[in-house]
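Structure file structure09.csv with CSV, C-alpha atoms and all ligand atoms:
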chain,number,residue,atom,x,y,z
I,29,MET,CA,-11.9,4.6,17.3
I,30,GLU,CA,-11.2,8.0,15.8
I,31,GLY,CA,-13.1,8.7,12.6
I,32,THR,CA,-15.2,5.6,12.6
I,33,GLU,CA,-18.9,6.1,11.8
I,34,HIS,CA,-21.5,3.6,10.7
I,35,PHE,CA,-25.0,4.0,9.2
I,36,GLU,CA,-27.0,0.8,9.4
I,37,ASP,CA,-29.1,1.9,6.4
I,38,GLY,CA,-26.9,4.6,4.8
I,39,LEU,CA,-26.7,6.6,1.6
I,40,LEU,CA,-23.5,7.9,0.0
I,41,VAL,CA,-24.3,10.7,-2.4
I,42,VAL,CA,-21.7,11.2,-5.1
I,43,GLU,CA,-21.6,14.1,-7.5
I,44,HIS,CA,-19.0,14.7,-10.2
I,45,GLY,CA,-16.7,12.0,-8.8
I,46,ARG,CA,-16.7,13.4,-5.3
I,47,VAL,CA,-18.5,12.7,-2.0
I,48,GLN,CA,-21.3,15.2,-1.6
I,49,ARG,CA,-23.0,13.8,1.5
I,50,ILE,CA,-23.4,10.7,3.6
I,51,GLY,CA,-26.0,9.8,6.2
I,52,PRO,CA,-29.1,7.8,7.0
I,53,ALA,CA,-30.8,6.8,3.7
I,54,ALA,CA,-34.4,7.7,4.3
I,55,PRO,CA,-34.0,11.5,5.0
I,56,LEU,CA,-31.2,11.9,2.4
I,57,LEU,CA,-33.2,10.1,-0.3
I,58,ALA,CA,-36.0,12.6,0.2
I,59,THR,CA,-33.7,15.5,-0.6
I,60,LEU,CA,-32.4,14.1,-4.0
I,61,PRO,CA,-33.8,15.6,-7.2
I,62,SER,CA,-36.2,13.3,-8.9
I,63,GLY,CA,-34.6,11.1,-11.5
I,64,THR,CA,-31.3,10.8,-9.5
I,65,PRO,CA,-29.9,7.4,-10.2
I,66,VAL,CA,-29.7,5.3,-7.0
I,67,THR,CA,-27.8,1.9,-6.7
I,68,ASP,CA,-29.0,-0.4,-4.0
I,69,HIS,CA,-26.3,-2.3,-2.2
I,70,ALA,CA,-28.6,-3.6,0.6
I,71,GLY,CA,-26.8,-6.1,2.9
I,72,CYS,CA,-23.4,-4.8,1.9
I,73,LEU,CA,-20.9,-2.5,3.6
I,74,ILE,CA,-19.7,0.6,1.7
I,75,LEU,CA,-16.2,1.7,2.8
I,76,PRO,CA,-13.6,4.0,1.5
I,77,GLY,CA,-11.4,2.0,-0.9
I,78,PHE,CA,-8.5,0.1,0.5
I,79,VAL,CA,-5.0,1.7,0.4
I,80,ASP,CA,-2.1,-0.7,-0.1
I,81,THR,CA,1.0,1.1,0.9
I,82,HIS,CA,3.6,-1.3,-0.3
I,83,VAL,CA,3.3,-3.6,-3.4
I,84,HIS,CA,5.5,-4.5,-6.3
I,85,HIS,CA,3.6,-4.8,-9.6
I,86,ALA,CA,6.6,-6.4,-11.3
I,87,GLN,CA,6.5,-9.2,-8.8
I,88,THR,CA,3.0,-10.3,-9.7
I,89,ASP,CA,4.3,-13.4,-11.4
I,90,VAL,CA,6.6,-14.2,-8.4
I,91,ILE,CA,3.7,-14.6,-5.9
I,92,ALA,CA,3.7,-18.0,-4.2
I,93,SER,CA,7.4,-18.8,-5.0
I,94,GLY,CA,8.5,-20.4,-1.8
I,95,GLY,CA,11.3,-22.1,0.0
I,96,SER,CA,13.6,-19.3,0.9
I,97,THR,CA,14.3,-16.2,3.1
I,98,LEU,CA,14.5,-12.7,1.8
I,99,LEU,CA,18.0,-12.4,0.2
I,100,GLU,CA,17.8,-15.9,-1.4
I,101,TRP,CA,14.3,-15.2,-2.6
I,102,LEU,CA,15.4,-12.0,-4.3
I,103,GLU,CA,18.2,-13.9,-6.2
I,104,ARG,CA,16.2,-17.0,-7.0
I,105,HIS,CA,12.8,-15.7,-7.9
I,106,THR,CA,12.6,-11.9,-8.0
I,107,PHE,CA,15.5,-10.6,-10.0
I,108,PRO,CA,14.9,-13.0,-12.9
I,109,VAL,CA,11.3,-11.8,-13.3
I,110,GLU,CA,12.2,-8.1,-12.9
I,111,ARG,CA,14.5,-8.4,-15.9
I,112,GLY,CA,11.5,-8.7,-18.1
I,113,PHE,CA,10.4,-5.1,-17.3
I,114,ALA,CA,13.1,-3.7,-19.7
I,115,ASP,CA,10.5,-4.7,-22.3
I,116,PRO,CA,7.7,-2.2,-22.5
I,117,ALA,CA,5.2,-4.9,-23.7
I,118,CYS,CA,5.9,-7.0,-20.7
I,119,ALA,CA,5.6,-3.9,-18.4
I,120,ARG,CA,2.3,-2.9,-20.0
I,121,ALA,CA,0.7,-6.4,-19.9
I,122,THR,CA,1.7,-7.0,-16.2
I,123,SER,CA,0.5,-3.5,-15.2
I,124,GLU,CA,-2.9,-4.1,-16.7
I,125,PHE,CA,-3.3,-7.4,-14.9
I,126,PHE,CA,-2.0,-5.9,-11.7
I,127,LEU,CA,-4.5,-3.0,-11.8
I,128,ASP,CA,-7.3,-5.4,-12.6
I,129,GLU,CA,-6.3,-7.4,-9.5
I,130,LEU,CA,-6.3,-4.2,-7.3
I,131,ALA,CA,-9.8,-3.4,-8.4
I,132,ARG,CA,-11.1,-7.0,-7.9
I,133,ASN,CA,-9.8,-6.7,-4.3
I,134,GLY,CA,-11.3,-3.3,-3.5
I,135,THR,CA,-7.9,-1.5,-3.5
I,136,THR,CA,-8.3,2.0,-5.0
I,137,THR,CA,-4.9,3.4,-4.2
I,138,ALA,CA,-1.5,1.8,-3.9
I,139,LEU,CA,2.1,2.9,-3.3
I,140,VAL,CA,3.9,0.8,-5.9
I,141,PHE,CA,7.6,-0.3,-6.1
I,142,GLY,CA,8.9,-0.5,-9.7
I,143,THR,CA,11.9,-2.3,-11.1
I,144,VAL,CA,15.1,-0.5,-12.0
I,145,HIS,CA,13.7,0.1,-15.4
I,146,ARG,CA,12.0,3.4,-16.2
I,147,THR,CA,9.7,1.5,-18.5
I,148,SER,CA,8.2,-0.3,-15.5
I,149,ILE,CA,6.8,3.0,-14.2
I,150,ASP,CA,5.9,4.6,-17.5
I,151,ALA,CA,3.8,1.5,-18.3
I,152,LEU,CA,2.2,1.5,-14.9
I,153,PHE,CA,1.3,5.2,-14.9
I,154,GLU,CA,-0.1,5.0,-18.4
I,155,ALA,CA,-2.4,2.2,-17.4
I,156,ALA,CA,-3.3,3.9,-14.1
I,157,ALA,CA,-4.0,7.2,-15.9
I,158,ALA,CA,-6.4,5.5,-18.3
I,159,ARG,CA,-8.3,4.2,-15.3
I,160,ASN,CA,-8.2,7.6,-13.5
I,161,LEU,CA,-6.6,5.9,-10.4
I,162,ARG,CA,-4.9,7.7,-7.5
I,163,LEU,CA,-1.6,5.9,-7.5
I,164,VAL,CA,1.9,6.6,-6.3
I,165,ALA,CA,4.9,4.8,-7.7
I,166,GLY,CA,8.6,5.0,-8.3
I,167,LYS,CA,11.5,3.4,-10.3
I,168,ALA,CA,13.8,1.3,-8.0
I,169,MET,CA,17.3,2.7,-7.6
I,170,MET,CA,19.9,-0.1,-7.3
I,171,ASP,CA,23.5,0.2,-8.4
I,172,ARG,CA,25.3,-2.6,-6.5
I,173,ASN,CA,25.0,-6.1,-4.9
I,174,CYS,CA,22.5,-7.1,-7.6
I,175,PRO,CA,22.8,-8.7,-11.1
I,176,GLU,CA,24.9,-6.5,-13.5
I,177,ASP,CA,22.0,-6.2,-15.9
I,178,LEU,CA,19.7,-4.8,-13.2
I,179,ARG,CA,21.9,-2.0,-12.1
I,180,ASP,CA,21.6,1.7,-12.7
I,181,THR,CA,24.2,4.3,-11.7
I,182,PRO,CA,23.9,7.1,-9.2
I,183,ARG,CA,23.6,9.6,-12.0
I,184,SER,CA,21.2,7.6,-14.2
I,185,ALA,CA,19.0,6.8,-11.2
I,186,TYR,CA,18.8,10.5,-10.4
I,187,ASP,CA,18.2,11.6,-14.0
I,188,GLU,CA,15.5,9.0,-14.7
I,189,SER,CA,13.7,9.6,-11.4
I,190,ARG,CA,13.7,13.3,-12.1
I,191,ALA,CA,12.4,12.8,-15.6
I,192,LEU,CA,9.6,10.5,-14.3
I,193,ILE,CA,8.7,13.1,-11.7
I,194,GLU,CA,8.5,15.8,-14.4
I,195,ARG,CA,6.4,13.6,-16.6
I,196,TRP,CA,4.0,12.1,-14.0
I,197,HIS,CA,4.1,13.7,-10.6
I,198,GLY,CA,0.8,15.7,-10.2
I,199,ASN,CA,-0.3,14.5,-13.6
I,200,GLY,CA,-4.0,13.8,-13.0
I,201,ARG,CA,-4.2,11.7,-9.8
I,202,LEU,CA,-0.7,10.3,-10.0
I,203,GLY,CA,2.2,10.9,-7.7
I,204,TYR,CA,5.9,9.9,-7.7
I,205,ALA,CA,8.0,8.3,-4.9
I,206,ILE,CA,11.8,8.3,-4.9
I,207,THR,CA,12.6,4.6,-4.5
I,208,PRO,CA,15.9,3.4,-3.2
I,209,ARG,CA,15.3,-0.4,-3.1
I,210,PHE,CA,17.2,-0.9,0.1
I,211,ALA,CA,20.4,0.3,1.6
I,212,CYS,CA,22.3,-2.9,0.6
I,213,THR,CA,21.7,-2.3,-3.2
I,214,SER,CA,22.6,1.4,-3.3
I,215,SER,CA,26.0,2.9,-3.0
I,216,GLU,CA,26.8,5.9,-0.9
I,217,ALA,CA,26.9,8.0,-4.1
I,218,GLN,CA,23.4,6.8,-5.1
I,219,LEU,CA,21.9,7.5,-1.7
I,220,THR,CA,23.5,10.9,-1.7
I,221,LEU,CA,21.9,11.8,-5.0
I,222,ALA,CA,18.6,10.3,-3.9
I,223,GLY,CA,18.7,12.5,-0.9
I,224,GLN,CA,19.5,15.5,-3.1
I,225,LEU,CA,16.5,14.8,-5.3
I,226,ALA,CA,14.3,14.5,-2.1
I,227,ARG,CA,15.5,17.9,-1.0
I,228,GLU,CA,15.0,19.5,-4.5
I,229,ARG,CA,11.5,18.0,-4.7
I,230,PRO,CA,10.0,18.2,-1.1
I,231,ASP,CA,6.6,17.5,-2.7
I,232,VAL,CA,7.6,14.0,-3.7
I,233,MET,CA,7.5,11.0,-1.4
I,234,VAL,CA,10.2,8.5,-0.6
I,235,GLN,CA,9.7,4.7,-0.3
I,236,GLY,CA,12.0,1.8,0.6
I,237,HIS,CA,12.6,-1.3,2.7
I,238,VAL,CA,14.0,-1.4,6.2
I,239,ALA,CA,14.7,-3.9,8.9
I,240,GLU,CA,12.9,-6.8,7.4
I,241,ASN,CA,15.2,-9.7,8.0
I,242,VAL,CA,18.1,-10.3,10.5
I,243,ASP,CA,20.6,-11.2,7.8
I,244,GLU,CA,19.6,-8.1,5.8
I,245,VAL,CA,20.0,-5.9,8.9
I,246,ALA,CA,23.5,-7.3,9.6
I,247,TRP,CA,24.5,-6.8,5.9
I,248,ALA,CA,23.3,-3.2,5.9
I,249,ARG,CA,25.1,-2.5,9.1
I,250,SER,CA,28.3,-4.0,7.7
I,251,LEU,CA,28.0,-1.8,4.5
I,252,PHE,CA,27.4,1.4,6.5
I,253,PRO,CA,29.4,0.9,9.8
I,254,GLN,CA,29.2,4.6,10.6
I,255,ALA,CA,25.4,4.5,10.9
I,256,ARG,CA,23.8,4.0,14.3
I,257,SER,CA,21.2,1.6,12.9
I,258,TYR,CA,19.8,0.4,9.5
I,259,LEU,CA,17.1,3.1,9.7
I,260,ASP,CA,19.8,5.7,10.4
I,261,ILE,CA,21.4,5.0,7.0
I,262,TYR,CA,18.3,6.5,5.3
I,263,GLU,CA,18.1,9.4,7.8
I,264,ARG,CA,21.7,10.3,7.1
I,265,TYR,CA,21.0,10.7,3.4
I,266,GLY,CA,17.8,12.8,4.0
I,267,LEU,CA,15.5,9.9,3.0
I,268,LEU,CA,13.3,9.7,6.1
I,269,ARG,CA,10.9,12.6,5.6
I,270,ARG,CA,7.6,12.1,3.7
I,271,SER,CA,8.5,8.4,3.5
I,272,VAL,CA,6.9,5.0,3.8
I,273,TYR,CA,9.2,2.2,4.8
I,274,ALA,CA,8.1,-1.4,4.4
I,275,HIS,CA,8.5,-4.0,7.3
I,276,CYS,CA,10.2,-2.1,10.2
I,277,ILE,CA,10.4,-5.3,12.1
I,278,HIS,CA,13.9,-5.2,13.6
I,279,LEU,CA,13.9,-1.5,14.9
I,280,ASP,CA,14.7,-0.2,18.3
I,281,ASP,CA,13.0,2.6,20.3
I,282,GLU,CA,15.4,5.2,18.9
I,283,ASP,CA,14.5,4.3,15.4
I,284,ARG,CA,10.8,4.6,16.2
I,285,ARG,CA,11.4,7.9,17.8
I,286,ARG,CA,13.2,9.1,14.6
I,287,MET,CA,10.4,7.8,12.4
I,288,ALA,CA,7.7,9.6,14.5
I,289,LEU,CA,9.7,12.9,14.4
I,290,ALA,CA,10.1,12.7,10.7
I,291,GLU,CA,6.4,11.7,10.2
I,292,ALA,CA,7.7,8.6,8.4
I,293,ALA,CA,5.1,5.8,8.1
I,294,VAL,CA,5.4,2.0,8.4
I,295,ALA,CA,4.0,-0.3,5.8
I,296,PHE,CA,3.1,-3.4,7.9
I,297,CYS,CA,3.3,-6.4,5.6
I,298,PRO,CA,2.0,-9.4,7.6
I,299,THR,CA,1.6,-12.0,4.8
I,300,SER,CA,5.1,-11.2,3.4
I,301,ASN,CA,6.7,-11.3,6.8
I,302,LEU,CA,5.2,-14.7,7.6
I,303,PHE,CA,5.8,-16.1,4.2
I,304,LEU,CA,9.6,-15.3,4.2
I,305,GLY,CA,9.8,-16.0,7.9
I,306,SER,CA,11.2,-12.4,8.5
I,307,GLY,CA,9.6,-11.8,11.9
I,308,LEU,CA,6.7,-10.2,13.7
I,309,PHE,CA,6.0,-6.5,13.5
I,310,ASP,CA,5.5,-4.9,16.9
I,311,LEU,CA,2.4,-2.8,16.6
I,312,ALA,CA,2.3,-1.8,20.3
I,313,ALA,CA,5.8,-0.4,20.1
I,314,ALA,CA,5.0,1.6,17.0
I,315,ASP,CA,1.8,2.9,18.8
I,316,ALA,CA,3.8,3.8,21.9
I,317,ALA,CA,6.2,5.8,19.8
I,318,SER,CA,3.4,7.5,17.9
I,319,VAL,CA,4.7,6.1,14.6
I,320,GLN,CA,2.2,6.2,11.7
I,321,VAL,CA,1.2,2.6,10.6
I,322,SER,CA,-0.4,1.5,7.4
I,323,LEU,CA,-1.1,-2.0,5.9
I,324,ALA,CA,0.4,-3.5,2.8
I,325,THR,CA,0.3,-6.7,0.8
I,326,ASP,CA,3.9,-6.6,-0.4
I,327,VAL,CA,3.1,-8.9,-3.4
I,328,GLY,CA,5.2,-10.9,-4.6
I,329,ALA,CA,6.6,-11.9,-1.1
I,330,GLY,CA,3.1,-11.2,0.2
I,331,THR,CA,0.7,-13.9,-0.6
I,332,SER,CA,-2.5,-12.1,-1.6
I,333,PHE,CA,-3.7,-8.8,-3.2
I,334,SER,CA,-6.6,-8.8,-0.8
I,335,MET,CA,-6.4,-6.3,2.0
I,336,LEU,CA,-9.0,-8.4,3.9
I,337,ARG,CA,-6.6,-11.3,3.9
I,338,THR,CA,-3.8,-8.9,4.9
I,339,MET,CA,-5.9,-7.7,7.8
I,340,ALA,CA,-6.6,-11.2,9.0
I,341,GLU,CA,-2.8,-12.0,8.9
I,342,ALA,CA,-2.1,-8.7,10.7
I,343,TYR,CA,-4.5,-9.8,13.4
I,344,LYS,CA,-2.6,-13.1,13.8
I,345,VAL,CA,0.8,-11.4,13.9
I,346,VAL,CA,-0.4,-9.0,16.6
I,347,ARG,CA,-1.8,-12.0,18.6
I,348,MET,CA,1.6,-13.7,18.3
I,349,THR,CA,3.1,-10.7,20.1
I,350,GLY,CA,0.5,-10.9,22.9
I,351,GLN,CA,-1.4,-7.8,21.7
I,352,GLN,CA,-4.9,-7.1,20.3
I,353,LEU,CA,-6.1,-5.7,17.0
I,354,SER,CA,-9.8,-4.8,16.8
I,355,ALA,CA,-11.5,-5.1,13.4
I,356,GLN,CA,-12.3,-1.4,13.4
I,357,ARG,CA,-8.7,-0.6,13.9
I,358,ALA,CA,-7.7,-3.0,11.1
I,359,PHE,CA,-10.2,-1.5,8.7
I,360,HIS,CA,-9.0,2.0,9.7
I,361,LEU,CA,-5.3,1.0,9.0
I,362,ALA,CA,-6.3,-0.4,5.6
I,363,THR,CA,-8.1,2.8,4.6
I,364,MET,CA,-7.4,6.0,6.5
I,365,GLY,CA,-4.1,4.7,7.8
I,366,GLY,CA,-2.9,4.2,4.3
I,367,ALA,CA,-4.3,7.6,3.1
I,368,ARG,CA,-2.4,9.3,5.9
I,369,ALA,CA,0.8,7.4,5.3
I,370,LEU,CA,0.7,8.7,1.7
I,371,GLY,CA,-0.2,12.3,2.8
I,372,LEU,CA,-3.4,11.9,0.8
I,373,ASP,CA,-5.9,12.0,3.7
I,374,ASP,CA,-7.3,15.3,2.5
I,375,ARG,CA,-8.4,13.6,-0.7
I,376,ILE,CA,-9.1,9.9,0.0
I,377,GLY,CA,-9.5,7.5,3.0
I,378,SER,CA,-12.8,8.9,4.3
I,379,PHE,CA,-16.3,10.0,3.2
I,380,LEU,CA,-16.0,13.6,4.3
I,381,PRO,CA,-17.8,16.0,1.8
I,382,GLY,CA,-15.5,16.8,-1.1
I,383,ARG,CA,-13.3,13.7,-0.8
I,384,GLU,CA,-12.7,11.7,-4.0
I,385,ALA,CA,-15.4,9.0,-4.3
I,386,ASP,CA,-13.1,6.0,-4.3
I,387,PHE,CA,-14.9,3.2,-2.5
I,388,VAL,CA,-15.5,-0.5,-2.1
I,389,VAL,CA,-18.8,-2.4,-1.7
I,390,LEU,CA,-18.3,-5.5,0.4
I,391,ASP,CA,-20.8,-8.3,0.7
I,392,PRO,CA,-20.2,-10.2,3.9
I,393,ALA,CA,-22.6,-12.9,2.8
I,394,ALA,CA,-20.9,-13.6,-0.5
I,395,THR,CA,-19.6,-16.9,0.8
I,396,ALA,CA,-21.6,-19.6,2.6
I,397,ILE,CA,-19.5,-19.5,5.8
I,398,GLY,CA,-19.6,-15.7,5.7
I,399,ALA,CA,-23.3,-15.6,5.5
I,400,ARG,CA,-23.7,-18.2,8.3
I,401,ARG,CA,-21.3,-16.5,10.7
I,402,GLY,CA,-22.6,-13.0,9.8
I,403,ALA,CA,-26.1,-14.1,10.8
I,404,ARG,CA,-24.9,-14.7,14.3
I,405,ALA,CA,-23.0,-11.5,14.7
I,406,ARG,CA,-24.6,-9.1,17.1
I,407,THR,CA,-22.4,-6.0,17.0
I,408,LEU,CA,-20.7,-4.0,14.2
I,409,GLU,CA,-17.3,-5.0,15.6
I,410,GLU,CA,-18.3,-8.7,15.4
I,411,ARG,CA,-19.6,-8.4,11.8
I,412,LEU,CA,-16.4,-6.6,10.8
I,413,PHE,CA,-14.2,-9.1,12.6
I,414,ALA,CA,-15.9,-12.0,10.8
I,415,LEU,CA,-15.5,-10.3,7.5
I,416,MET,CA,-11.8,-9.6,8.0
I,417,ILE,CA,-11.0,-13.1,9.2
I,418,LEU,CA,-13.1,-14.9,6.5
I,419,GLY,CA,-13.0,-12.3,3.7
I,420,ASP,CA,-11.2,-12.1,0.4
I,421,ASP,CA,-11.9,-11.0,-3.2
I,422,ARG,CA,-15.2,-12.9,-3.3
I,423,ASN,CA,-16.6,-10.4,-0.9
I,424,VAL,CA,-15.9,-7.4,-3.2
I,425,ARG,CA,-19.2,-6.8,-5.0
I,426,GLN,CA,-17.9,-3.6,-6.7
I,427,THR,CA,-15.1,-1.1,-6.5
I,428,TYR,CA,-15.7,2.5,-7.5
I,429,ILE,CA,-13.1,5.0,-8.8
I,430,MET,CA,-14.3,8.6,-8.6
I,431,GLY,CA,-17.8,7.3,-8.4
I,432,VAL,CA,-17.5,5.0,-11.5
I,433,PRO,CA,-17.7,1.2,-11.2
I,434,ALA,CA,-14.2,-0.3,-11.9
I,435,ILE,CA,-15.1,-4.0,-12.2
I,436,ALA,CA,-16.8,-4.8,-15.5
I,437,GLY,CA,-19.8,-7.0,-15.6
I,438,ARG,CA,-21.0,-6.4,-12.0
A,1,ZN,ZN,8.8,-5.0,-0.8
Encoded form using structure tokens:
Amino acid sequence: MEGTEHFEDGLLVVEHGRVQRIGPAAPLLATLPSGTPVTDHAGCLILPGFVDTHVHHAQTDVIASGGSTLLEWLERHTFPVERGFADPACARATSEFFLDELARNGTTTALVFGTVHRTSIDALFEAAAARNLRLVAGKAMMDRNCPEDLRDTPRSAYDESRALIERWHGNGRLGYAITPRFACTSSEAQLTLAGQLARERPDVMVQGHVAENVDEVAWARSLFPQARSYLDIYERYGLLRRSVYAHCIHLDDEDRRRMALAEAAVAFCPTSNLFLGSGLFDLAAADAASVQVSLATDVGAGTSFSMLRTMAEAYKVVRMTGQQLSAQRAFHLATMGGARALGLDDRIGSFLPGREADFVVLDPAATAIGARRGARARTLEERLFALMILGDDRNVRQTYIMGVPAIAGR
């Protein structure tokens, strides 16, 4: 596996919030100046922090709302909760809870989907800035086929997104993503202006949803009959480059070829895809087309903030399509894969010298069954596999942001 390296008894040296060195503990310890503080995490695994490339902070309170498929789920559960984000106090309180939850699960960076309200992103970025997080987010654009009081207009979506970019993009560790919700809730005029903004700000990412559910695909095709495919709608409006698209289940080979050419990344959301019954993502087809793949929770349709739980479900989805997913690949997708999807692999996702010291300490023996199974594991792959299948937030001993512990009281 490209980039995977393991030290049985390793030391990660952090200085001024960045990785200085990594290697076997004994020789490295001998080189440290006397009095250097050392934290012992014996028995644990230290990994680059998890990167969740598709999650909705405003849907935190919708998690585990069942009984429907995508379009009905949006109407019944999601839109009513998203209305609350017009209120800055609601946006602030949920953002704080959401960021606590990311830390408790070892997630150090996320690509976050806001509501239509500018306040949803101002509140999230204010909270993330106070925690010194590397986070990318954007206000959803939606001007049709959704409740009246959740609509913006092509012009207001452009203006507010632009104002948010000017205020937040590149401010500390924060980044902005232009965020058309999905083709069905944006008019042609809105997608045109979103594409214009993407051209004017080539340094800013794009995020959206594509090809999640068969009814949604048919609806998108009927709204844009001139497009070759659902994905082609975004490409026509200049919204494919520097992008992360969630789901990508019902794509064809031409779509995958276009994504690879545009260096667009997939956010594979297994818990959400299973929960809503949307379908099974085809990892082998994405690999064959050289499409970048990352992993994401997609809370609130996703059922856990834990990237370990997400990896376990990804493994099962891949098995359902007759393929294999090794534990090392899954951990890579959840760390470096995400960093690469966000164009941040020169800053996070690995322990190369100079990288930002965002990392997670995982204790495989935190649960009784984890300890029992781990004791029988003979190889690194076997240990990682047991951890990903059995793991969750209980295995996260600590999460570090720029070298500083992020979970209080541990
Ligand atoms: Zn989503």
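Note that the spacing between CA of Glu216 (chain I) and CA of Arg229 (chain I) amounts to 19.9 Å.
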Shell of 8 Å around ligand ZN 1 (chain A) (only C-alpha atoms and all ligand atoms), written as a list in words: His82, Val83, His84, Phe141, Gly236, His237, Ala274, Asp326, Val327, Gly328 and Ala329 of chain I
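Counting only C-alpha atoms, region 335-348 of chain I has the following residues at most 7 Å away, ignoring those fewer than 5 positions along the same chain: Phe78, Pro298, Thr299, Leu308, Leu311, Thr325, Leu353, Ala358, Ala362, Met416, Ile417, Gly419 and Asp420 of chain I.
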Export, as an mmCIF file, in the coordinates of the input, the selected residues with C-alpha atoms.
data_model
loop_
_atom_site.group_PDB
_atom_site.id
_atom_site.type_symbol
_atom_site.label_atom_id
_atom_site.label_comp_id
_atom_site.auth_asym_id
_atom_site.auth_seq_id
_atom_site.Cartn_x
_atom_site.Cartn_y
_atom_site.Cartn_z
ATOM 1 C CA PHE I 78 -8.500 0.100 0.500
ATOM 2 C CA PRO I 298 2.000 -9.400 7.600
ATOM 3 C CA THR I 299 1.600 -12.000 4.800
ATOM 4 C CA LEU I 308 6.700 -10.200 13.700
ATOM 5 C CA LEU I 311 2.400 -2.800 16.600
ATOM 6 C CA THR I 325 0.300 -6.700 0.800
ATOM 7 C CA LEU I 353 -6.100 -5.700 17.000
ATOM 8 C CA ALA I 358 -7.700 -3.000 11.100
ATOM 9 C CA ALA I 362 -6.300 -0.400 5.600
ATOM 10 C CA MET I 416 -11.800 -9.600 8.000
ATOM 11 C CA ILE I 417 -11.000 -13.100 9.200
ATOM 12 C CA GLY I 419 -13.000 -12.300 3.700
ATOM 13 C CA ASP I 420 -11.200 -12.100 0.400
#
Option closest in space to Val47 (chain I), from I:Pro76, I:Gly94, I:Gly366, I:Arg357 [counting all atoms listed in the file]: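 Using all atoms listed in the file, Val47 (chain I) sits closest to I:Pro76.
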Of the listed residues I:Ala131, I:Ala117, I:Ala317, I:Cys72, that which approaches Ala434 (chain I) most closely, counting all atoms listed in the file: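 Nearest to Ala434 (chain I): I:Ala131.
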Between CA of Asp280 (chain I) and CA of Arg256 (chain I), distance in Å (one decimal):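 Computing the Euclidean distance for CA of Asp280 (chain I) and CA of Arg256 (chain I) yields 10.8 Å.
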For Ala165 (chain I), the nearest of the candidates I:Ala314, I:Cys118, I:Leu370, I:Gln48, counting all atoms listed in the file: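 So, comparing all the options, the nearest one is I:Leu370.
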Residues near Ser189 (chain I), cut-off 8 Å, all atoms listed in the file, skip fewer than 5 positions along chain, as a ChimeraX atom specification: /I:166-167,206
Store the residues picked out above in a file with C-alpha atoms, as a PDB file, in the coordinates of the input.
ATOM      1  CA  GLY I 166       8.600   5.000  -8.300  1.00  0.00           C
ATOM      2  CA  LYS I 167      11.500   3.400 -10.300  1.00  0.00           C
ATOM      3  CA  ILE I 206      11.800   8.300  -4.900  1.00  0.00           C
TER       4      ILE I 206
END
Nearest residue to Phe252 (chain I) from the set I:Arg401, I:Ala211, I:Pro108, I:Gln426 (distances using all atoms listed in the file):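 Of I:Arg401, I:Ala211, I:Pro108, I:Gln426, the one nearest Phe252 (chain I) is I:Ala211, counting all atoms listed in the file.
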